[in-house]
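Novice: Before anything else, here's the structure in question.
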There are 2 protein chains.
Amino acid sequence: MNEKLFLRNPEESVLGRKIVKHGLILINKIGFEEFTFKKLATEISTTESSIYRYFENKHRFLVYLINWYWSYIEYKVVFYINNINNPEIKLKTVIKLLVEEPINKNLDTDFISENEAYMLVMWEGSKSYLTRNVSKDNKDRLFKPYKDLCERISSIIVELNPKYKFPHSIASTVLEMAHSQKFFMQNLPALTDFSKDQDDKKIILFLESMLFNSIQAK
Amino acid sequence: MNEKLFLRNPEESVLGRKIVKHGLILINKIGFEEFTFKKLATEISTTESSIYRYFENKHRFLVYLINWYWSYIEYKVVFYINNINNPEIKLKTVIKLLVEEPINKNLDTDFISENEAYMLVMWEGSKSYLTRNVSKDNKDRLFKPYKDLCERISSIIVELNPKYKFPHSIASTVLEMAHSQKFFMQNLPALTDFSKDQDDKKIILFLESMLFNSIQAK
DNA sequence: ACAAAAATAATAGTAATACTATCATTAATT
DNA sequence: AATTAATGATAGTATTACTATTATTTTTGT
């Protein structure tokens, strides 16, 4: 985890882990704009100043959480495609991992819940880079996990068709749309062909068709 | 323009138009998070309370501007595809209209600058719906212009291939990516296959290939 | 041209936000 | 047991996101 994202590593203390765990839940509950360190402090019975000792501000905290998610997804991707040789099956595996909402087994861990992180990325993900500091933040490598994952997907695409001209763009499109289409399905269904509260299978089919028809076109 | 977006119609007064014009420019300059009605008031030599008489809050103001843009784009789309019969050419025209940065001829109009609106949508567009109020706002028809445009693109896709299963999703994907890929190109180029400061042609080619290969796949 | 109505400006006020700073207390380490 | 480090308690500040009130200016209808 990039050290510029925190002042004190939250993984290394009880309070730190509490901040991360409950901060994530609180952002999901009230939304990033409404979220404040004050509210979080009250929630976990600590003080604002204690939280400020871990994170510079709430935006860095958001990026920290988002990065945790993308690093975790990349770990999962590597794990699941490890002994697959066919790049087509690799890509299908990736799409499934991106779209499918993780089931929360580990309800009582004292750190990040996968499921909460998934919701955060869906609702607040793009706010991590849609700021006037993007370029500066990018130089500080704050978006490395996302870019790494994009690169990894891109390289599988190249495996499948070395002649395809837009491996990174189609990879970032799939990455963005995995969550956007789900968000639209649940909140602005007119922007999709999936009805509200439908399952993920149709989104997966859509992304697969978009990806493979793009890559494998003659 | 949806009447829930404003308290007093800004088009109908000098001050109203000034608020809209310079508000748009100011958001682009400092970013939506940093933007306040106070700062805008100072900029145009009026008072905070005067601005509040036009817009309930800055989020509604943002949605107002974004909606202006999408309505304008739909008007342009209708105008440009008016006497085209071939749906393929229609879609290519739409993609061009979405991606290409409008050249600012009308520098001194007293209302919205097309070019500034384009920048706003690229940087702040998704913030209009990424809030806890999406569903409520959607019921108030705040996203109608965007949804209408999506529907229009979708119907051209159906013209081209009535059997294609995801006309709305691919339309919203093209809509989102037209601006995202450009943003990435300029700010996070690792997520694309276009180098910084390159022109729009490659993005257009990418979107065209993605769209047509999806729709016309056997 | 004059009165009434409408719009704007000026000013004040409030609770909350996004911090920074200081010092006391508690917990961990050597 | 002494030192260091982490946390808590408290205070303070400029700014934000508003609401309210009253004065002044502009527009309009007759």
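Chain lettering (A, B, ...) mirrors the order of the structure tokens, residue numbering begins at 1 for each chain separately, and ligand numbering begins at 1 in order of display.
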What's the 9 Å shell around DA5 of chain D, counting only C-alpha atoms (C1' of nucleotides), without same-chain residues fewer than 2 positions away, as a short mmCIF file (atom, residue, chain, number, x, y, z; two decimals) with C-alpha atoms (C1' of nucleotides), in the first residue's frame?
Specialist:
data_model
loop_
_atom_site.label_atom_id
_atom_site.label_comp_id
_atom_site.auth_asym_id
_atom_site.auth_seq_id
_atom_site.Cartn_x
_atom_site.Cartn_y
_atom_site.Cartn_z
"C1'" DA C 27 -0.38 1.93 26.78
"C1'" DA C 28 3.71 -0.23 24.93
"C1'" DT C 29 8.67 -0.84 24.77
#
Novice: Hey, could you lay chain A over chain B with a least-squares C-alpha fit (all atoms, paired in order) and save it as an mmCIF file with C-alpha atoms, in the first residue's frame?
Specialist:
data_model
loop_
_atom_site.group_PDB
_atom_site.id
_atom_site.type_symbol
_atom_site.label_atom_id
_atom_site.label_comp_id
_atom_site.auth_asym_id
_atom_site.auth_seq_id
_atom_site.Cartn_x
_atom_site.Cartn_y
_atom_site.Cartn_z
ATOM 1 C CA MET A 1 -35.504 22.626 -18.828
ATOM 2 C CA ASN A 2 -36.863 20.857 -15.744
ATOM 3 C CA GLU A 3 -38.347 23.401 -13.353
ATOM 4 C CA LYS A 4 -37.205 21.526 -10.278
ATOM 5 C CA LEU A 5 -33.654 22.467 -11.147
ATOM 6 C CA PHE A 6 -34.037 26.138 -10.324
ATOM 7 C CA LEU A 7 -36.060 28.445 -8.127
ATOM 8 C CA ARG A 8 -36.071 31.269 -10.634
ATOM 9 C CA ASN A 9 -35.361 30.653 -14.307
ATOM 10 C CA PRO A 10 -31.828 31.961 -14.880
ATOM 11 C CA GLU A 11 -32.361 32.369 -18.609
ATOM 12 C CA GLU A 12 -34.831 35.150 -17.991
ATOM 13 C CA SER A 13 -32.612 37.746 -16.382
ATOM 14 C CA VAL A 14 -29.221 39.320 -16.809
ATOM 15 C CA LEU A 15 -28.136 38.183 -13.360
ATOM 16 C CA GLY A 16 -29.419 34.668 -13.987
ATOM 17 C CA ARG A 17 -27.454 34.334 -17.201
ATOM 18 C CA LYS A 18 -24.387 35.775 -15.519
ATOM 19 C CA ILE A 19 -24.642 33.199 -12.713
ATOM 20 C CA VAL A 20 -24.895 30.352 -15.196
ATOM 21 C CA LYS A 21 -22.186 31.547 -17.525
ATOM 22 C CA HIS A 22 -19.595 32.401 -14.885
ATOM 23 C CA GLY A 23 -20.593 29.595 -12.561
ATOM 24 C CA LEU A 24 -19.780 27.111 -15.284
ATOM 25 C CA ILE A 25 -16.425 28.747 -15.912
ATOM 26 C CA LEU A 26 -15.613 28.867 -12.208
ATOM 27 C CA ILE A 27 -16.437 25.188 -11.626
ATOM 28 C CA ASN A 28 -14.165 24.289 -14.520
ATOM 29 C CA LYS A 29 -11.433 26.457 -13.084
ATOM 30 C CA ILE A 30 -11.384 25.273 -9.477
ATOM 31 C CA GLY A 31 -13.381 22.021 -9.552
ATOM 32 C CA PHE A 32 -16.839 21.293 -8.200
ATOM 33 C CA GLU A 33 -15.721 20.482 -4.642
ATOM 34 C CA GLU A 34 -13.945 23.812 -4.261
ATOM 35 C CA PHE A 35 -16.723 25.755 -5.944
ATOM 36 C CA THR A 36 -19.035 27.798 -3.705
ATOM 37 C CA PHE A 37 -21.794 30.309 -4.345
ATOM 38 C CA LYS A 38 -19.799 32.753 -2.247
ATOM 39 C CA LYS A 39 -16.842 32.584 -4.599
ATOM 40 C CA LEU A 40 -19.114 32.917 -7.614
ATOM 41 C CA ALA A 41 -20.861 35.910 -6.046
ATOM 42 C CA THR A 42 -17.540 37.675 -5.575
ATOM 43 C CA GLU A 43 -16.516 36.843 -9.145
ATOM 44 C CA ILE A 44 -19.610 38.443 -10.660
ATOM 45 C CA SER A 45 -20.030 41.186 -8.032
ATOM 46 C CA THR A 46 -23.273 40.019 -6.581
ATOM 47 C CA THR A 47 -24.209 38.383 -3.288
ATOM 48 C CA GLU A 48 -24.546 34.823 -2.132
ATOM 49 C CA SER A 49 -28.206 35.339 -1.295
ATOM 50 C CA SER A 50 -28.947 36.538 -4.810
ATOM 51 C CA ILE A 51 -27.568 33.317 -6.248
ATOM 52 C CA TYR A 52 -29.558 31.270 -3.750
ATOM 53 C CA ARG A 53 -32.665 32.884 -5.177
ATOM 54 C CA TYR A 54 -31.919 31.106 -8.473
ATOM 55 C CA PHE A 55 -30.555 27.764 -7.325
ATOM 56 C CA GLU A 56 -31.327 25.743 -4.221
ATOM 57 C CA ASN A 57 -27.776 24.485 -3.895
ATOM 58 C CA LYS A 58 -24.668 23.822 -5.900
ATOM 59 C CA HIS A 59 -25.609 20.263 -6.773
ATOM 60 C CA ARG A 60 -28.826 21.380 -8.465
ATOM 61 C CA PHE A 61 -26.767 24.005 -10.244
ATOM 62 C CA LEU A 62 -24.419 21.287 -11.502
ATOM 63 C CA VAL A 63 -27.303 19.150 -12.732
ATOM 64 C CA TYR A 64 -28.769 22.218 -14.440
ATOM 65 C CA LEU A 65 -25.543 22.758 -16.385
ATOM 66 C CA ILE A 66 -25.080 19.077 -17.225
ATOM 67 C CA ASN A 67 -28.660 18.887 -18.471
ATOM 68 C CA TRP A 68 -28.145 21.934 -20.597
ATOM 69 C CA TYR A 69 -25.245 20.128 -22.229
ATOM 70 C CA TRP A 70 -27.072 16.869 -22.917
ATOM 71 C CA SER A 71 -30.120 18.670 -24.265
ATOM 72 C CA TYR A 72 -27.860 20.654 -26.529
ATOM 73 C CA ILE A 73 -26.093 17.507 -27.731
ATOM 74 C CA GLU A 74 -29.393 15.848 -28.464
ATOM 75 C CA TYR A 75 -30.480 18.889 -30.438
ATOM 76 C CA LYS A 76 -27.247 18.667 -32.425
ATOM 77 C CA VAL A 77 -27.680 14.928 -32.963
ATOM 78 C CA VAL A 78 -31.190 15.410 -34.291
ATOM 79 C CA PHE A 79 -29.997 18.218 -36.531
ATOM 80 C CA TYR A 80 -27.035 16.349 -37.990
ATOM 81 C CA ILE A 81 -28.678 12.986 -38.600
ATOM 82 C CA ASN A 82 -31.845 14.561 -39.903
ATOM 83 C CA ASN A 83 -31.376 13.635 -43.540
ATOM 84 C CA ILE A 84 -29.157 10.611 -43.125
ATOM 85 C CA ASN A 85 -30.841 7.270 -43.763
ATOM 86 C CA ASN A 86 -28.022 4.841 -43.103
ATOM 87 C CA PRO A 87 -28.006 4.020 -39.364
ATOM 88 C CA GLU A 88 -24.300 3.260 -39.508
ATOM 89 C CA ILE A 89 -23.527 6.762 -40.674
ATOM 90 C CA LYS A 90 -25.943 8.116 -38.085
ATOM 91 C CA LEU A 91 -24.026 6.363 -35.321
ATOM 92 C CA LYS A 92 -20.699 7.588 -36.630
ATOM 93 C CA THR A 93 -22.077 11.103 -36.621
ATOM 94 C CA VAL A 94 -23.238 10.690 -33.023
ATOM 95 C CA ILE A 95 -19.831 9.449 -31.887
ATOM 96 C CA LYS A 96 -18.125 12.393 -33.542
ATOM 97 C CA LEU A 97 -20.505 14.812 -31.846
ATOM 98 C CA LEU A 98 -19.840 13.185 -28.481
ATOM 99 C CA VAL A 99 -16.073 13.022 -28.661
ATOM 100 C CA GLU A 100 -15.027 16.110 -30.553
ATOM 101 C CA GLU A 101 -14.402 19.113 -28.386
ATOM 102 C CA PRO A 102 -16.541 21.937 -29.729
ATOM 103 C CA ILE A 103 -14.591 24.904 -30.984
ATOM 104 C CA ASN A 104 -15.601 28.030 -29.192
ATOM 105 C CA LYS A 105 -16.763 30.536 -31.724
ATOM 106 C CA ASN A 106 -19.251 32.284 -29.499
ATOM 107 C CA LEU A 107 -16.728 33.577 -26.961
ATOM 108 C CA ASP A 108 -18.724 36.590 -25.910
ATOM 109 C CA THR A 109 -22.250 35.287 -25.609
ATOM 110 C CA ASP A 110 -23.856 36.006 -22.298
ATOM 111 C CA PHE A 111 -24.941 32.419 -21.692
ATOM 112 C CA ILE A 112 -23.438 28.931 -21.661
ATOM 113 C CA SER A 113 -20.295 28.244 -23.651
ATOM 114 C CA GLU A 114 -20.489 24.898 -25.417
ATOM 115 C CA ASN A 115 -16.839 24.252 -24.853
ATOM 116 C CA GLU A 116 -16.999 24.949 -21.135
ATOM 117 C CA ALA A 117 -20.026 22.677 -20.860
ATOM 118 C CA TYR A 118 -18.080 19.916 -22.579
ATOM 119 C CA MET A 119 -15.255 20.247 -20.046
ATOM 120 C CA LEU A 120 -17.730 20.254 -17.177
ATOM 121 C CA VAL A 121 -19.338 17.018 -18.335
ATOM 122 C CA MET A 122 -15.919 15.413 -18.693
ATOM 123 C CA TRP A 123 -14.740 16.398 -15.211
ATOM 124 C CA GLU A 124 -17.914 16.538 -13.144
ATOM 125 C CA GLY A 125 -20.571 14.733 -15.172
ATOM 126 C CA SER A 126 -20.860 11.600 -13.094
ATOM 127 C CA LYS A 127 -21.094 13.601 -9.863
ATOM 128 C CA SER A 128 -24.589 14.603 -10.945
ATOM 129 C CA TYR A 129 -25.900 11.097 -10.315
ATOM 130 C CA LEU A 130 -23.366 9.574 -7.903
ATOM 131 C CA THR A 131 -25.227 10.715 -4.794
ATOM 132 C CA ARG A 132 -27.581 9.120 -2.295
ATOM 133 C CA ASN A 133 -30.394 11.101 -3.943
ATOM 134 C CA VAL A 134 -30.175 9.409 -7.360
ATOM 135 C CA SER A 135 -33.483 7.633 -7.115
ATOM 136 C CA LYS A 136 -35.299 10.651 -5.771
ATOM 137 C CA ASP A 137 -33.654 12.913 -8.350
ATOM 138 C CA ASN A 138 -34.494 10.398 -11.040
ATOM 139 C CA LYS A 139 -38.142 10.471 -10.015
ATOM 140 C CA ASP A 140 -37.989 14.255 -10.320
ATOM 141 C CA ARG A 141 -36.830 13.636 -13.918
ATOM 142 C CA LEU A 142 -33.501 15.332 -13.320
ATOM 143 C CA PHE A 143 -31.695 12.916 -15.627
ATOM 144 C CA LYS A 144 -34.201 13.027 -18.445
ATOM 145 C CA PRO A 145 -31.952 14.681 -21.043
ATOM 146 C CA TYR A 146 -29.243 12.073 -20.567
ATOM 147 C CA LYS A 147 -31.721 9.211 -20.656
ATOM 148 C CA ASP A 148 -33.412 10.665 -23.729
ATOM 149 C CA LEU A 149 -30.133 10.845 -25.571
ATOM 150 C CA CYS A 150 -29.332 7.284 -24.559
ATOM 151 C CA GLU A 151 -32.739 6.208 -25.837
ATOM 152 C CA ARG A 152 -32.197 7.990 -29.130
ATOM 153 C CA ILE A 153 -28.830 6.329 -29.706
ATOM 154 C CA SER A 154 -30.317 3.037 -28.660
ATOM 155 C CA SER A 155 -33.053 3.321 -31.266
ATOM 156 C CA ILE A 156 -30.531 3.896 -34.053
ATOM 157 C CA ILE A 157 -28.711 0.778 -32.886
ATOM 158 C CA VAL A 158 -31.955 -1.178 -33.110
ATOM 159 C CA GLU A 159 -32.433 0.173 -36.633
ATOM 160 C CA LEU A 160 -29.079 -1.272 -37.586
ATOM 161 C CA ASN A 161 -29.623 -4.609 -35.891
ATOM 162 C CA PRO A 162 -33.022 -5.324 -34.342
ATOM 163 C CA LYS A 163 -31.677 -8.515 -32.847
ATOM 164 C CA TYR A 164 -28.920 -6.939 -30.783
ATOM 165 C CA LYS A 165 -29.651 -7.583 -27.127
ATOM 166 C CA PHE A 166 -28.047 -4.638 -25.344
ATOM 167 C CA PRO A 167 -28.822 -1.421 -27.228
ATOM 168 C CA HIS A 168 -29.218 0.740 -24.116
ATOM 169 C CA SER A 169 -26.190 -0.603 -22.307
ATOM 170 C CA ILE A 170 -23.906 -0.189 -25.285
ATOM 171 C CA ALA A 171 -25.329 3.297 -25.812
ATOM 172 C CA SER A 172 -24.638 4.330 -22.225
ATOM 173 C CA THR A 173 -21.205 2.739 -22.504
ATOM 174 C CA VAL A 174 -20.410 4.861 -25.542
ATOM 175 C CA LEU A 175 -21.828 7.944 -23.834
ATOM 176 C CA GLU A 176 -19.750 7.405 -20.708
ATOM 177 C CA MET A 177 -16.594 6.390 -22.498
ATOM 178 C CA ALA A 178 -16.653 9.275 -24.940
ATOM 179 C CA HIS A 179 -15.707 11.523 -22.051
ATOM 180 C CA SER A 180 -13.911 9.020 -19.812
ATOM 181 C CA GLN A 181 -11.434 7.904 -22.424
ATOM 182 C CA LYS A 182 -10.659 11.517 -23.183
ATOM 183 C CA PHE A 183 -10.196 12.248 -19.498
ATOM 184 C CA PHE A 184 -7.954 9.212 -19.155
ATOM 185 C CA MET A 185 -5.985 10.184 -22.242
ATOM 186 C CA GLN A 186 -5.274 13.577 -20.767
ATOM 187 C CA ASN A 187 -4.808 12.625 -17.129
ATOM 188 C CA LEU A 188 -4.258 8.881 -16.698
ATOM 189 C CA PRO A 189 -2.904 7.806 -20.090
ATOM 190 C CA ALA A 190 -1.915 4.344 -18.822
ATOM 191 C CA LEU A 191 -5.615 3.492 -18.934
ATOM 192 C CA THR A 192 -5.745 4.094 -22.687
ATOM 193 C CA ASP A 193 -3.833 3.444 -25.893
ATOM 194 C CA PHE A 194 -3.683 7.107 -26.722
ATOM 195 C CA SER A 195 -0.788 9.277 -25.676
ATOM 196 C CA LYS A 196 -1.319 12.479 -23.785
ATOM 197 C CA ASP A 197 -2.492 15.479 -25.809
ATOM 198 C CA GLN A 198 -3.257 13.349 -28.824
ATOM 199 C CA ASP A 199 -6.242 14.243 -30.942
ATOM 200 C CA ASP A 200 -9.721 12.809 -30.808
ATOM 201 C CA LYS A 201 -9.464 10.619 -33.908
ATOM 202 C CA LYS A 202 -8.173 7.568 -32.079
ATOM 203 C CA ILE A 203 -10.890 7.741 -29.456
ATOM 204 C CA ILE A 204 -13.444 7.926 -32.242
ATOM 205 C CA LEU A 205 -11.901 4.890 -33.937
ATOM 206 C CA PHE A 206 -11.921 2.986 -30.675
ATOM 207 C CA LEU A 207 -15.556 3.758 -29.920
ATOM 208 C CA GLU A 208 -16.621 2.994 -33.475
ATOM 209 C CA SER A 209 -14.877 -0.361 -33.459
ATOM 210 C CA MET A 210 -16.333 -1.227 -30.068
ATOM 211 C CA LEU A 211 -19.846 -0.218 -31.059
ATOM 212 C CA PHE A 212 -20.038 -1.733 -34.525
ATOM 213 C CA ASN A 213 -18.334 -4.982 -33.627
ATOM 214 C CA SER A 214 -20.789 -5.372 -30.783
ATOM 215 C CA ILE A 215 -23.877 -4.630 -32.811
ATOM 216 C CA GLN A 216 -22.991 -6.371 -36.019
ATOM 217 C CA ALA A 217 -21.529 -9.558 -34.587
ATOM 218 C CA LYS A 218 -22.988 -12.716 -36.037
#
Novice: Quick check for you: according to DSSP on this backbone, which residues of segment 134-173 of chain B are classed as alpha helix (DSSP H)? Reply as number ranges by chain.
Specialist: B: 134-139, 144-160, 167-173
Novice: Taking a cut-off of 12 Å and counting only C-alpha atoms (C1' of nucleotides), can you build a table that, for each residue of chain C near chain A, reports the nearest atom pair and how far apart they are in Å (one decimal), sorted by chain then residue number, as JSON lines?
Specialist:
{"residue": "C:DA16", "atom": "C1'", "partner": "A:Thr36", "partner_atom": "CA", "distance": 10.2}
{"residue": "C:DT17", "atom": "C1'", "partner": "A:Thr36", "partner_atom": "CA", "distance": 7.8}
{"residue": "C:DA18", "atom": "C1'", "partner": "A:Asn57", "partner_atom": "CA", "distance": 8.3}
{"residue": "C:DC19", "atom": "C1'", "partner": "A:Asn57", "partner_atom": "CA", "distance": 8.7}
{"residue": "C:DT20", "atom": "C1'", "partner": "A:Ser49", "partner_atom": "CA", "distance": 9.2}
{"residue": "C:DA21", "atom": "C1'", "partner": "A:Ser49", "partner_atom": "CA", "distance": 10.2}
{"residue": "C:DT22", "atom": "C1'", "partner": "A:Ser49", "partner_atom": "CA", "distance": 11.8}
{"residue": "C:DA28", "atom": "C1'", "partner": "A:Ser13", "partner_atom": "CA", "distance": 11.9}
Novice: For chain D against chain A, which residues fall within 9 Å using only C-alpha atoms (C1' of nucleotides), given as a PDB file with N, CA and C atoms (P, O5', C5', C4', C3', O3' and C1' of nucleotides), in the first residue's frame?
Specialist:
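Listing of out.pdb after writing:
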ATOM      1  P    DT D   7      -3.198   4.791  18.287  1.00  0.00           P
ATOM      2  O5'  DT D   7      -3.947   5.644  19.407  1.00  0.00           O
ATOM      3  C5'  DT D   7      -4.368   5.001  20.587  1.00  0.00           C
ATOM      4  C4'  DT D   7      -4.947   6.031  21.537  1.00  0.00           C
ATOM      5  C3'  DT D   7      -6.166   6.782  21.002  1.00  0.00           C
ATOM      6  O3'  DT D   7      -7.288   6.355  21.756  1.00  0.00           O
ATOM      7  C1'  DT D   7      -4.670   8.214  22.177  1.00  0.00           C
ATOM      8  P    DG D   8      -8.743   7.007  21.520  1.00  0.00           P
ATOM      9  O5'  DG D   8      -8.697   8.197  22.582  1.00  0.00           O
ATOM     10  C5'  DG D   8      -8.416   7.908  23.941  1.00  0.00           C
ATOM     11  C4'  DG D   8      -8.650   9.133  24.796  1.00  0.00           C
ATOM     12  C3'  DG D   8      -9.927   9.910  24.484  1.00  0.00           C
ATOM     13  O3'  DG D   8     -10.525  10.237  25.735  1.00  0.00           O
ATOM     14  C1'  DG D   8      -8.049  11.359  24.305  1.00  0.00           C
ATOM     15  P    DA D   9     -11.966  10.894  25.838  1.00  0.00           P
ATOM     16  O5'  DA D   9     -11.602  12.396  26.204  1.00  0.00           O
ATOM     17  C5'  DA D   9     -10.537  12.693  27.104  1.00  0.00           C
ATOM     18  C4'  DA D   9     -10.441  14.200  27.266  1.00  0.00           C
ATOM     19  C3'  DA D   9     -11.703  14.982  26.880  1.00  0.00           C
ATOM     20  O3'  DA D   9     -11.959  15.920  27.909  1.00  0.00           O
ATOM     21  C1'  DA D   9      -9.844  15.794  25.635  1.00  0.00           C
TER      22       DA D   9
END
Novice: Pick out the residues sitting within 10 Å of DA20 of chain D, and hand them over as a ChimeraX atom specification; count only C-alpha atoms (C1' of nucleotides), and ignore anything fewer than 2 positions along from it in its own chain.
Specialist: /C:12-13 /D:22
